[in-house]
$ cat protein08.cif   # mmCIF, C-alpha atoms and all ligand atoms; chains and numbers go by the auth columns
data_data
#
loop_
_atom_site.group_PDB
_atom_site.id
_atom_site.type_symbol
_atom_site.label_atom_id
_atom_site.label_comp_id
_atom_site.label_asym_id
_atom_site.label_seq_id
_atom_site.Cartn_x
_atom_site.Cartn_y
_atom_site.Cartn_z
_atom_site.B_iso_or_equiv
_atom_site.auth_seq_id
_atom_site.auth_asym_id
ATOM 1 C CA MET A 1 10.217 -1.914 21.566 0.00 1 C
ATOM 2 C CA LYS A 2 11.149 -0.523 18.151 0.00 2 C
ATOM 3 C CA LEU A 3 9.043 -1.256 15.073 0.00 3 C
ATOM 4 C CA LEU A 4 10.503 -0.270 11.689 0.00 4 C
ATOM 5 C CA ILE A 5 8.322 0.664 8.718 0.00 5 C
ATOM 6 C CA ALA A 6 9.637 -1.346 5.766 0.00 6 C
ATOM 7 C CA THR A 7 8.936 0.815 2.722 0.00 7 C
ATOM 8 C CA SER A 8 10.640 3.386 0.526 0.00 8 C
ATOM 9 C CA ASN A 9 7.315 4.962 -0.477 0.00 9 C
ATOM 10 C CA PRO A 10 6.814 8.217 1.498 0.00 10 C
ATOM 11 C CA GLY A 11 3.010 7.980 1.140 0.00 11 C
ATOM 12 C CA LYS A 12 3.017 4.555 2.757 0.00 12 C
ATOM 13 C CA VAL A 13 5.407 5.735 5.495 0.00 13 C
ATOM 14 C CA ARG A 14 2.969 8.523 6.468 0.00 14 C
ATOM 15 C CA GLU A 15 0.036 6.114 6.556 0.00 15 C
ATOM 16 C CA PHE A 16 1.803 3.372 8.529 0.00 16 C
ATOM 17 C CA LYS A 17 3.016 5.965 11.037 0.00 17 C
ATOM 18 C CA GLU A 18 -0.497 7.172 11.731 0.00 18 C
ATOM 19 C CA LEU A 19 -1.994 3.667 11.722 0.00 19 C
ATOM 20 C CA LEU A 20 0.562 2.460 14.286 0.00 20 C
ATOM 21 C CA ALA A 21 0.600 5.607 16.418 0.00 21 C
ATOM 22 C CA ASP A 22 -1.579 4.294 19.248 0.00 22 C
ATOM 23 C CA LEU A 23 0.286 1.011 19.664 0.00 23 C
ATOM 24 C CA PRO A 24 2.909 0.508 22.376 0.00 24 C
ATOM 25 C CA PHE A 25 5.846 0.618 19.951 0.00 25 C
ATOM 26 C CA ASP A 26 8.547 3.104 19.158 0.00 26 C
ATOM 27 C CA VAL A 27 7.734 3.383 15.446 0.00 27 C
ATOM 28 C CA VAL A 28 10.823 4.138 13.366 0.00 28 C
ATOM 29 C CA THR A 29 10.921 5.185 9.696 0.00 29 C
ATOM 30 C CA PRO A 30 13.681 4.079 7.299 0.00 30 C
ATOM 31 C CA VAL A 31 15.001 7.664 7.258 0.00 31 C
ATOM 32 C CA GLU A 32 15.198 7.680 11.061 0.00 32 C
ATOM 33 C CA ALA A 33 16.974 4.319 10.960 0.00 33 C
ATOM 34 C CA GLY A 34 19.406 5.619 8.299 0.00 34 C
ATOM 35 C CA LEU A 35 18.267 2.927 5.867 0.00 35 C
ATOM 36 C CA THR A 36 17.791 3.252 2.106 0.00 36 C
ATOM 37 C CA LEU A 37 17.182 -0.239 0.836 0.00 37 C
ATOM 38 C CA VAL A 38 16.358 -1.231 -2.697 0.00 38 C
ATOM 39 C CA VAL A 39 14.456 -4.502 -2.601 0.00 39 C
ATOM 40 C CA GLU A 40 13.973 -6.319 -5.877 0.00 40 C
ATOM 41 C CA GLU A 41 10.259 -7.066 -6.251 0.00 41 C
ATOM 42 C CA ASP A 42 10.493 -10.100 -8.495 0.00 42 C
ATOM 43 C CA GLY A 43 7.976 -12.271 -6.649 0.00 43 C
ATOM 44 C CA GLU A 44 4.892 -13.677 -8.360 0.00 44 C
ATOM 45 C CA THR A 45 2.508 -12.760 -5.554 0.00 45 C
ATOM 46 C CA TYR A 46 1.871 -9.849 -3.206 0.00 46 C
ATOM 47 C CA ARG A 47 2.845 -12.196 -0.388 0.00 47 C
ATOM 48 C CA GLU A 48 6.251 -13.018 -1.867 0.00 48 C
ATOM 49 C CA ASN A 49 7.098 -9.373 -2.480 0.00 49 C
ATOM 50 C CA ALA A 50 5.808 -8.264 0.926 0.00 50 C
ATOM 51 C CA ALA A 51 7.938 -10.956 2.582 0.00 51 C
ATOM 52 C CA LYS A 52 11.023 -9.841 0.651 0.00 52 C
ATOM 53 C CA LYS A 53 10.599 -6.266 1.872 0.00 53 C
ATOM 54 C CA ALA A 54 9.897 -7.102 5.523 0.00 54 C
ATOM 55 C CA SER A 55 12.776 -9.618 5.630 0.00 55 C
ATOM 56 C CA ALA A 56 15.270 -7.285 3.956 0.00 56 C
ATOM 57 C CA TYR A 57 14.515 -4.421 6.345 0.00 57 C
ATOM 58 C CA SER A 58 14.539 -6.738 9.341 0.00 58 C
ATOM 59 C CA LYS A 59 17.867 -8.247 8.327 0.00 59 C
ATOM 60 C CA ALA A 60 19.407 -4.811 7.755 0.00 60 C
ATOM 61 C CA SER A 61 18.174 -3.339 11.039 0.00 61 C
ATOM 62 C CA GLY A 62 17.767 -6.251 13.446 0.00 62 C
ATOM 63 C CA LEU A 63 14.291 -4.882 14.222 0.00 63 C
ATOM 64 C CA VAL A 64 10.738 -6.162 13.866 0.00 64 C
ATOM 65 C CA CYS A 65 9.496 -4.607 10.597 0.00 65 C
ATOM 66 C CA ILE A 66 6.137 -3.960 8.982 0.00 66 C
ATOM 67 C CA GLY A 67 5.644 -3.308 5.278 0.00 67 C
ATOM 68 C CA ASP A 68 3.275 -4.169 2.487 0.00 68 C
ATOM 69 C CA ASP A 69 2.990 -5.092 -1.112 0.00 69 C
ATOM 70 C CA SER A 70 -0.088 -3.495 -2.551 0.00 70 C
ATOM 71 C CA GLY A 71 -1.809 -2.708 -5.795 0.00 71 C
ATOM 72 C CA LEU A 72 -4.844 -1.539 -7.699 0.00 72 C
ATOM 73 C CA GLU A 73 -6.925 -4.179 -9.484 0.00 73 C
ATOM 74 C CA VAL A 74 -9.318 -3.006 -12.191 0.00 74 C
ATOM 75 C CA ALA A 75 -11.990 -5.513 -13.228 0.00 75 C
ATOM 76 C CA VAL A 76 -12.242 -4.516 -16.886 0.00 76 C
ATOM 77 C CA LEU A 77 -8.430 -4.855 -17.171 0.00 77 C
ATOM 78 C CA ASP A 78 -8.621 -8.401 -15.749 0.00 78 C
ATOM 79 C CA GLY A 79 -7.109 -7.275 -12.441 0.00 79 C
ATOM 80 C CA ALA A 80 -4.288 -5.163 -13.898 0.00 80 C
ATOM 81 C CA PRO A 81 -2.170 -3.357 -12.880 0.00 81 C
ATOM 82 C CA GLY A 82 -2.287 -5.448 -9.664 0.00 82 C
ATOM 83 C CA LEU A 83 1.145 -6.634 -8.615 0.00 83 C
ATOM 84 C CA TYR A 84 2.666 -4.286 -11.180 0.00 84 C
ATOM 85 C CA SER A 85 0.916 -1.108 -9.988 0.00 85 C
ATOM 86 C CA ALA A 86 4.162 0.693 -9.116 0.00 86 C
ATOM 87 C CA ARG A 87 5.634 -0.162 -12.541 0.00 87 C
ATOM 88 C CA PHE A 88 2.513 0.410 -14.651 0.00 88 C
ATOM 89 C CA SER A 89 3.818 2.799 -17.287 0.00 89 C
ATOM 90 C CA PRO A 90 6.272 2.185 -20.112 0.00 90 C
ATOM 91 C CA LYS A 91 7.814 5.627 -19.522 0.00 91 C
ATOM 92 C CA PRO A 92 11.305 5.498 -17.948 0.00 92 C
ATOM 93 C CA GLY A 93 11.300 7.205 -14.533 0.00 93 C
ATOM 94 C CA ALA A 94 7.493 7.343 -14.531 0.00 94 C
ATOM 95 C CA THR A 95 5.785 9.296 -11.735 0.00 95 C
ATOM 96 C CA ASP A 96 2.471 8.637 -9.993 0.00 96 C
ATOM 97 C CA ALA A 97 0.916 11.172 -12.403 0.00 97 C
ATOM 98 C CA ASP A 98 2.284 9.237 -15.404 0.00 98 C
ATOM 99 C CA ARG A 99 0.815 5.998 -14.048 0.00 99 C
ATOM 100 C CA ARG A 100 -2.596 7.600 -13.532 0.00 100 C
ATOM 101 C CA GLN A 101 -2.471 8.969 -17.068 0.00 101 C
ATOM 102 C CA TYR A 102 -1.500 5.552 -18.447 0.00 102 C
ATOM 103 C CA LEU A 103 -4.322 3.868 -16.533 0.00 103 C
ATOM 104 C CA LEU A 104 -6.863 6.253 -18.094 0.00 104 C
ATOM 105 C CA GLU A 105 -5.399 5.579 -21.535 0.00 105 C
ATOM 106 C CA LYS A 106 -5.820 1.832 -20.982 0.00 106 C
ATOM 107 C CA LEU A 107 -9.409 2.296 -19.817 0.00 107 C
ATOM 108 C CA ALA A 108 -10.487 4.716 -22.547 0.00 108 C
ATOM 109 C CA GLY A 109 -13.390 3.319 -24.538 0.00 109 C
ATOM 110 C CA SER A 110 -14.241 0.449 -22.168 0.00 110 C
ATOM 111 C CA ALA A 111 -17.639 0.159 -20.516 0.00 111 C
ATOM 112 C CA LYS A 112 -18.207 1.995 -17.219 0.00 112 C
ATOM 113 C CA PRO A 113 -18.383 1.775 -14.248 0.00 113 C
ATOM 114 C CA TRP A 114 -14.757 0.776 -13.950 0.00 114 C
ATOM 115 C CA LYS A 115 -15.009 -1.379 -10.844 0.00 115 C
ATOM 116 C CA ALA A 116 -11.750 -1.665 -8.961 0.00 116 C
ATOM 117 C CA LYS A 117 -10.220 -2.573 -5.650 0.00 117 C
ATOM 118 C CA PHE A 118 -7.066 -1.810 -3.747 0.00 118 C
ATOM 119 C CA HIS A 119 -5.316 -4.790 -2.178 0.00 119 C
ATOM 120 C CA ALA A 120 -2.627 -4.797 0.519 0.00 120 C
ATOM 121 C CA THR A 121 -0.720 -7.754 1.852 0.00 121 C
ATOM 122 C CA VAL A 122 1.066 -6.646 5.007 0.00 122 C
ATOM 123 C CA ALA A 123 4.144 -8.575 6.091 0.00 123 C
ATOM 124 C CA ILE A 124 5.637 -8.461 9.570 0.00 124 C
ATOM 125 C CA GLY A 125 9.261 -9.548 9.529 0.00 125 C
ATOM 126 C CA PHE A 126 11.165 -10.697 12.585 0.00 126 C
ATOM 127 C CA PRO A 127 14.950 -10.680 13.062 0.00 127 C
ATOM 128 C CA ASP A 128 14.939 -14.503 13.285 0.00 128 C
ATOM 129 C CA GLY A 129 13.647 -14.653 9.676 0.00 129 C
ATOM 130 C CA ARG A 130 10.024 -15.447 10.501 0.00 130 C
ATOM 131 C CA VAL A 131 7.387 -13.531 8.494 0.00 131 C
ATOM 132 C CA GLU A 132 3.659 -13.220 9.216 0.00 132 C
ATOM 133 C CA PHE A 133 1.010 -11.874 6.842 0.00 133 C
ATOM 134 C CA THR A 134 -2.360 -10.155 6.874 0.00 134 C
ATOM 135 C CA VAL A 135 -4.474 -8.744 4.054 0.00 135 C
ATOM 136 C CA GLY A 136 -6.877 -5.880 3.505 0.00 136 C
ATOM 137 C CA GLU A 137 -8.995 -4.691 0.582 0.00 137 C
ATOM 138 C CA CYS A 138 -10.997 -1.619 -0.332 0.00 138 C
ATOM 139 C CA HIS A 139 -13.590 -1.604 -3.126 0.00 139 C
ATOM 140 C CA GLY A 140 -14.476 1.298 -5.378 0.00 140 C
ATOM 141 C CA GLU A 141 -14.293 2.435 -8.970 0.00 141 C
ATOM 142 C CA ILE A 142 -11.930 4.344 -11.235 0.00 142 C
ATOM 143 C CA ILE A 143 -13.237 7.628 -12.614 0.00 143 C
ATOM 144 C CA ASP A 144 -11.941 9.513 -15.624 0.00 144 C
ATOM 145 C CA GLU A 145 -11.128 12.763 -13.824 0.00 145 C
ATOM 146 C CA GLN A 146 -8.627 13.325 -11.043 0.00 146 C
ATOM 147 C CA ARG A 147 -10.092 14.660 -7.821 0.00 147 C
ATOM 148 C CA GLY A 148 -8.367 15.579 -4.547 0.00 148 C
ATOM 149 C CA GLN A 149 -4.882 16.417 -3.353 0.00 149 C
ATOM 150 C CA ASN A 150 -4.314 13.922 -0.533 0.00 150 C
ATOM 151 C CA GLY A 151 -2.881 10.420 -0.490 0.00 151 C
ATOM 152 C CA PHE A 152 -0.610 9.149 -3.264 0.00 152 C
ATOM 153 C CA GLY A 153 -0.512 6.838 -6.262 0.00 153 C
ATOM 154 C CA TYR A 154 -3.896 6.168 -7.841 0.00 154 C
ATOM 155 C CA ASP A 155 -5.886 7.873 -5.045 0.00 155 C
ATOM 156 C CA PRO A 156 -7.155 10.832 -7.147 0.00 156 C
ATOM 157 C CA LEU A 157 -8.809 8.363 -9.585 0.00 157 C
ATOM 158 C CA PHE A 158 -10.249 5.932 -7.007 0.00 158 C
ATOM 159 C CA LEU A 159 -13.852 6.782 -6.106 0.00 159 C
ATOM 160 C CA ILE A 160 -15.532 5.361 -3.042 0.00 160 C
ATOM 161 C CA PRO A 161 -19.131 5.367 -4.293 0.00 161 C
ATOM 162 C CA GLU A 162 -20.760 5.306 -0.816 0.00 162 C
ATOM 163 C CA LEU A 163 -18.928 8.526 0.099 0.00 163 C
ATOM 164 C CA GLY A 164 -19.025 10.204 -3.323 0.00 164 C
ATOM 165 C CA LYS A 165 -15.354 11.061 -2.790 0.00 165 C
ATOM 166 C CA THR A 166 -12.080 9.856 -4.202 0.00 166 C
ATOM 167 C CA MET A 167 -9.440 8.463 -1.879 0.00 167 C
ATOM 168 C CA ALA A 168 -7.464 11.688 -2.475 0.00 168 C
ATOM 169 C CA GLU A 169 -10.429 13.796 -1.286 0.00 169 C
ATOM 170 C CA LEU A 170 -10.397 12.051 2.091 0.00 170 C
ATOM 171 C CA THR A 171 -8.320 13.436 4.954 0.00 171 C
ATOM 172 C CA PRO A 172 -5.403 11.209 5.971 0.00 172 C
ATOM 173 C CA SER A 173 -7.333 9.975 8.999 0.00 173 C
ATOM 174 C CA GLU A 174 -10.471 9.283 6.904 0.00 174 C
ATOM 175 C CA LYS A 175 -8.394 7.220 4.456 0.00 175 C
ATOM 176 C CA ASN A 176 -6.894 5.381 7.415 0.00 176 C
ATOM 177 C CA GLN A 177 -10.360 4.282 8.528 0.00 177 C
ATOM 178 C CA LEU A 178 -11.204 2.391 5.365 0.00 178 C
ATOM 179 C CA SER A 179 -8.206 1.782 3.139 0.00 179 C
ATOM 180 C CA HIS A 180 -6.819 -1.611 2.177 0.00 180 C
ATOM 181 C CA ARG A 181 -3.647 -0.771 4.143 0.00 181 C
ATOM 182 C CA ALA A 182 -5.637 0.261 7.222 0.00 182 C
ATOM 183 C CA ARG A 183 -7.628 -2.977 7.122 0.00 183 C
ATOM 184 C CA ALA A 184 -4.503 -5.092 6.785 0.00 184 C
ATOM 185 C CA VAL A 185 -2.803 -3.193 9.628 0.00 185 C
ATOM 186 C CA ILE A 186 -5.833 -3.698 11.899 0.00 186 C
ATOM 187 C CA ASN A 187 -5.578 -7.417 11.174 0.00 187 C
ATOM 188 C CA ALA A 188 -1.862 -7.262 12.042 0.00 188 C
ATOM 189 C CA ILE A 189 -2.331 -5.689 15.479 0.00 189 C
ATOM 190 C CA PRO A 190 -2.719 -8.993 17.407 0.00 190 C
ATOM 191 C CA ILE A 191 0.472 -10.309 15.766 0.00 191 C
ATOM 192 C CA LEU A 192 2.345 -7.129 16.649 0.00 192 C
ATOM 193 C CA LEU A 193 1.104 -7.151 20.236 0.00 193 C
ATOM 194 C CA SER A 194 2.039 -10.811 20.640 0.00 194 C
ATOM 195 C CA THR A 195 5.665 -9.916 19.884 0.00 195 C
ATOM 196 C CA LEU A 196 5.703 -7.802 23.046 0.00 196 C
ATOM 197 C CA GLY A 197 4.740 -10.820 25.119 0.00 197 C
ATOM 198 C CA ASN A 198 7.720 -12.715 23.719 0.00 198 C
ATOM 199 C CA LYS A 199 10.260 -10.074 24.719 0.00 199 C
HETATM 200 P P1 LIG B . 7.679 -0.096 -1.397 0.00 1 T
HETATM 201 O O1 LIG B . 7.847 -1.315 -2.262 0.00 1 T
HETATM 202 O O2 LIG B . 8.977 0.506 -0.991 0.00 1 T
HETATM 203 O O3 LIG B . 6.754 -0.323 -0.246 0.00 1 T
HETATM 204 P P2 LIG B . 6.156 0.807 -3.699 0.00 1 T
HETATM 205 O O4 LIG B . 5.447 2.076 -4.050 0.00 1 T
HETATM 206 O O5 LIG B . 7.080 0.221 -4.741 0.00 1 T
HETATM 207 O O6 LIG B . 6.960 1.040 -2.315 0.00 1 T
HETATM 208 P P3 LIG B . 4.431 -1.459 -4.063 0.00 1 T
HETATM 209 O O7 LIG B . 5.455 -2.229 -4.805 0.00 1 T
HETATM 210 O O8 LIG B . 3.610 -2.184 -3.041 0.00 1 T
HETATM 211 O O9 LIG B . 5.092 -0.253 -3.261 0.00 1 T
HETATM 212 O O10 LIG B . 3.525 -0.755 -5.126 0.00 1 T
HETATM 213 C C1 LIG B . 2.228 -0.465 -4.844 0.00 1 T
HETATM 214 C C2 LIG B . 1.732 0.581 -5.826 0.00 1 T
HETATM 215 O O11 LIG B . 0.302 0.474 -5.850 0.00 1 T
HETATM 216 C C3 LIG B . 2.062 1.995 -5.357 0.00 1 T
HETATM 217 O O12 LIG B . 3.292 2.470 -5.863 0.00 1 T
HETATM 218 C C4 LIG B . 0.855 2.767 -5.889 0.00 1 T
HETATM 219 O O13 LIG B . 1.036 3.054 -7.253 0.00 1 T
HETATM 220 C C5 LIG B . -0.272 1.758 -5.751 0.00 1 T
HETATM 221 N N1 LIG B . -0.908 1.890 -4.435 0.00 1 T
HETATM 222 C C6 LIG B . -0.780 1.044 -3.355 0.00 1 T
HETATM 223 N N2 LIG B . -1.459 1.520 -2.306 0.00 1 T
HETATM 224 C C7 LIG B . -2.017 2.675 -2.707 0.00 1 T
HETATM 225 C C8 LIG B . -2.822 3.630 -2.073 0.00 1 T
HETATM 226 O O14 LIG B . -3.133 3.527 -0.792 0.00 1 T
HETATM 227 N N3 LIG B . -3.228 4.671 -2.797 0.00 1 T
HETATM 228 C C9 LIG B . -2.901 4.803 -4.083 0.00 1 T
HETATM 229 N N4 LIG B . -2.125 3.973 -4.762 0.00 1 T
HETATM 230 C C10 LIG B . -1.680 2.899 -4.077 0.00 1 T
#
$ encode --input "protein08.cif" --output "structure tokens"
Amino acid sequence: MKLLIATSNPGKVREFKELLADLPFDVVTPVEAGLTLVVEEDGETYRENAAKKASAYSKASGLVCIGDDSGLEVAVLDGAPGLYSARFSPKPGATDADRRQYLLEKLAGSAKPWKAKFHATVAIGFPDGRVEFTVGECHGEIIDEQRGQNGFGYDPLFLIPELGKTMAELTPSEKNQLSHRARAVINAIPILLSTLGNK
């Protein structure tokens, strides 16, 4: 059975692909499905936005889809950028590097450690319109130097204190053992497997 990854973010595509590799699905990326969808993320919660993405991809493809809405929440910024993590820079056409730079500008001068967490709400969308959700979180802190080349987004600034490494210093498979997305996908496995029983 085909399972489509419902995201336009190449970093997420890579991670979902590896996280789903051992499951009994034919995992398909949007590129492989010939899909380039732009989904308006105007929801007020991760859940609303995640549902919009999974539903849009499912409607366009007729396949079961898995995607997420995720974000970085920094305690001293009252949980910002949170839901707005992908849009957290006033610069038009901002890149991941611009968003990291902007985050450090916002944090400059505030008391350390800058406690933070990544959140992911995964949505599984079905062709009949049904959507199921799971969540995952990963705790750490933001540091004021960028370290590591792996991952994407805010990973070079996100330190996992127990490991003494940033998310970007982990190998892809190490990140996939502890990330917010990995935890949410693990929680989604029973839902995914149950779809096979219904076929
Ligand atoms: P899709 O909507 O197409 O999935 P997106 O990048 O717009 O792609 P989100 O709206 O969920 O996805 O934005 C989440 C942002 O939070 C993402 O762009 C990163 O800036 C950040 N983020 C989420 N997960 C991350 C991770 O594992 N590592 C680093 N940054 C992450």
$ resolve_selection --input "protein08.cif" --expression "the PyMOL selection byres (((not hetatm)) within 6 of (chain T and resi 1))" --output "PyMOL selection string"
chain C and resi 7-9+68-72+85-86+152-155
$ atom_distance --input "protein08.cif" --atom1 "CA of Met167 (chain C)" --atom2 "CA of Ile5 (chain C)"
22.1 Å
$ resolve_selection --input "protein08.cif" --expression "the PyMOL selection byres (((chain C and resi 89) around 9) and not hetatm)" --output "list in words"
Ser85, Ala86, Arg87, Phe88, Pro90, Lys91, Pro92, Ala94, Thr95, Asp98, Arg99, Arg100, Gln101, Tyr102 and Leu103 of chain C
$ closest_residue --input "protein08.cif" --among "C:Leu159, C:Ile189, C:Val74, C:Ser55" --to "Asp128 (chain C)" --atoms "all atoms listed in the file"
C:Ser55
$ atom_distance --input "protein08.cif" --atom1 "CA of Pro161 (chain C)" --atom2 "CA of His139 (chain C)"
9.0 Å
$ residues_around --input "protein08.cif" --residues "Leu63 (chain C)" --least-positions-apart "5" --cutoff "9 Å" --atoms "only C-alpha atoms" --output "list of chain:residue names"
C:Met1, C:Lys2, C:Leu3, C:Leu4, C:Tyr57, C:Ser58, C:Gly125, C:Phe126, C:Pro127
$ atom_distance --input "protein08.cif" --atom1 "CA of Lys112 (chain C)" --atom2 "CA of Ile160 (chain C)"
14.8 Å
$ closest_residue --input "protein08.cif" --among "C:Leu19, C:Cys138, C:Ile124, C:Val13" --to "Val64 (chain C)" --atoms "all atoms listed in the file"
C:Ile124
$ residues_around --input "protein08.cif" --residues "region 172-181 of chain C" --least-positions-apart "4" --cutoff "12 Å" --atoms "all atoms listed in the file" --output "VMD selection string"
chain C and resid 11 to 21 66 to 73 117 to 123 134 to 140 148 to 152 155 158 to 160 162 to 163 165 to 168 185 to 188
$ residues_around --input "protein08.cif" --residues "Pro113 (chain C)" --least-positions-apart "4" --cutoff "9 Å" --atoms "all atoms listed in the file" --output "list in words"
Glu141, Ile142 and Ile143 of chain C
$ write_last_selection --input "protein08.cif" --atoms "C-alpha atoms" --output "tab-separated table (two decimals), in the coordinates of the input"
chain	number	residue	atom	x	y	z
C	141	GLU	CA	-14.29	2.44	-8.97
C	142	ILE	CA	-11.93	4.34	-11.24
C	143	ILE	CA	-13.24	7.63	-12.61
$ axis_aligned_box --input "protein08.cif" --around "region 171-184 of chain C" --padding-each-side "5 Å" --output "AutoDock Vina command-line options"
--center_x -7.4 --center_y 4.2 --center_z 5.6 --size_x 17.6 --size_y 28.5 --size_z 16.8
$ closest_residue --input "protein08.cif" --among "C:Arg147, C:Asn49, C:Ala184, C:Pro10" --to "Tyr84 (chain C)" --atoms "all atoms listed in the file"
C:Asn49
$ resolve_selection --input "protein08.cif" --expression "the PyMOL selection byres (((chain C and resi 196) around 12) and not hetatm)" --output "compact mmCIF listing (two decimals) with C-alpha atoms, in the frame of the given file"
# COMPACT_ATOMS: atom_id res chain seq x y z
CA MET C 1 10.22 -1.91 21.57
CA LYS C 2 11.15 -0.52 18.15
CA LEU C 3 9.04 -1.26 15.07
CA LEU C 23 0.29 1.01 19.66
CA PRO C 24 2.91 0.51 22.38
CA PHE C 25 5.85 0.62 19.95
CA ASP C 26 8.55 3.10 19.16
CA VAL C 64 10.74 -6.16 13.87
CA ILE C 189 -2.33 -5.69 15.48
CA PRO C 190 -2.72 -8.99 17.41
CA ILE C 191 0.47 -10.31 15.77
CA LEU C 192 2.35 -7.13 16.65
CA LEU C 193 1.10 -7.15 20.24
CA SER C 194 2.04 -10.81 20.64
CA THR C 195 5.66 -9.92 19.88
CA GLY C 197 4.74 -10.82 25.12
CA ASN C 198 7.72 -12.72 23.72
CA LYS C 199 10.26 -10.07 24.72
$ closest_residue --input "protein08.cif" --among "C:Val27, C:Val131, C:Val76, C:Ala33" --to "Gly109 (chain C)" --atoms "all atoms listed in the file"
C:Val76
$ closest_residue --input "protein08.cif" --among "C:Glu44, C:Gln146, C:Asp22, C:Ala56" --to "Ala6 (chain C)" --atoms "all atoms listed in the file"
C:Ala56
$ closest_residue --input "protein08.cif" --among "C:Ala51, C:Glu132, C:Leu37, C:Ala75" --to "Ser110 (chain C)" --atoms "all atoms listed in the file"
C:Ala75
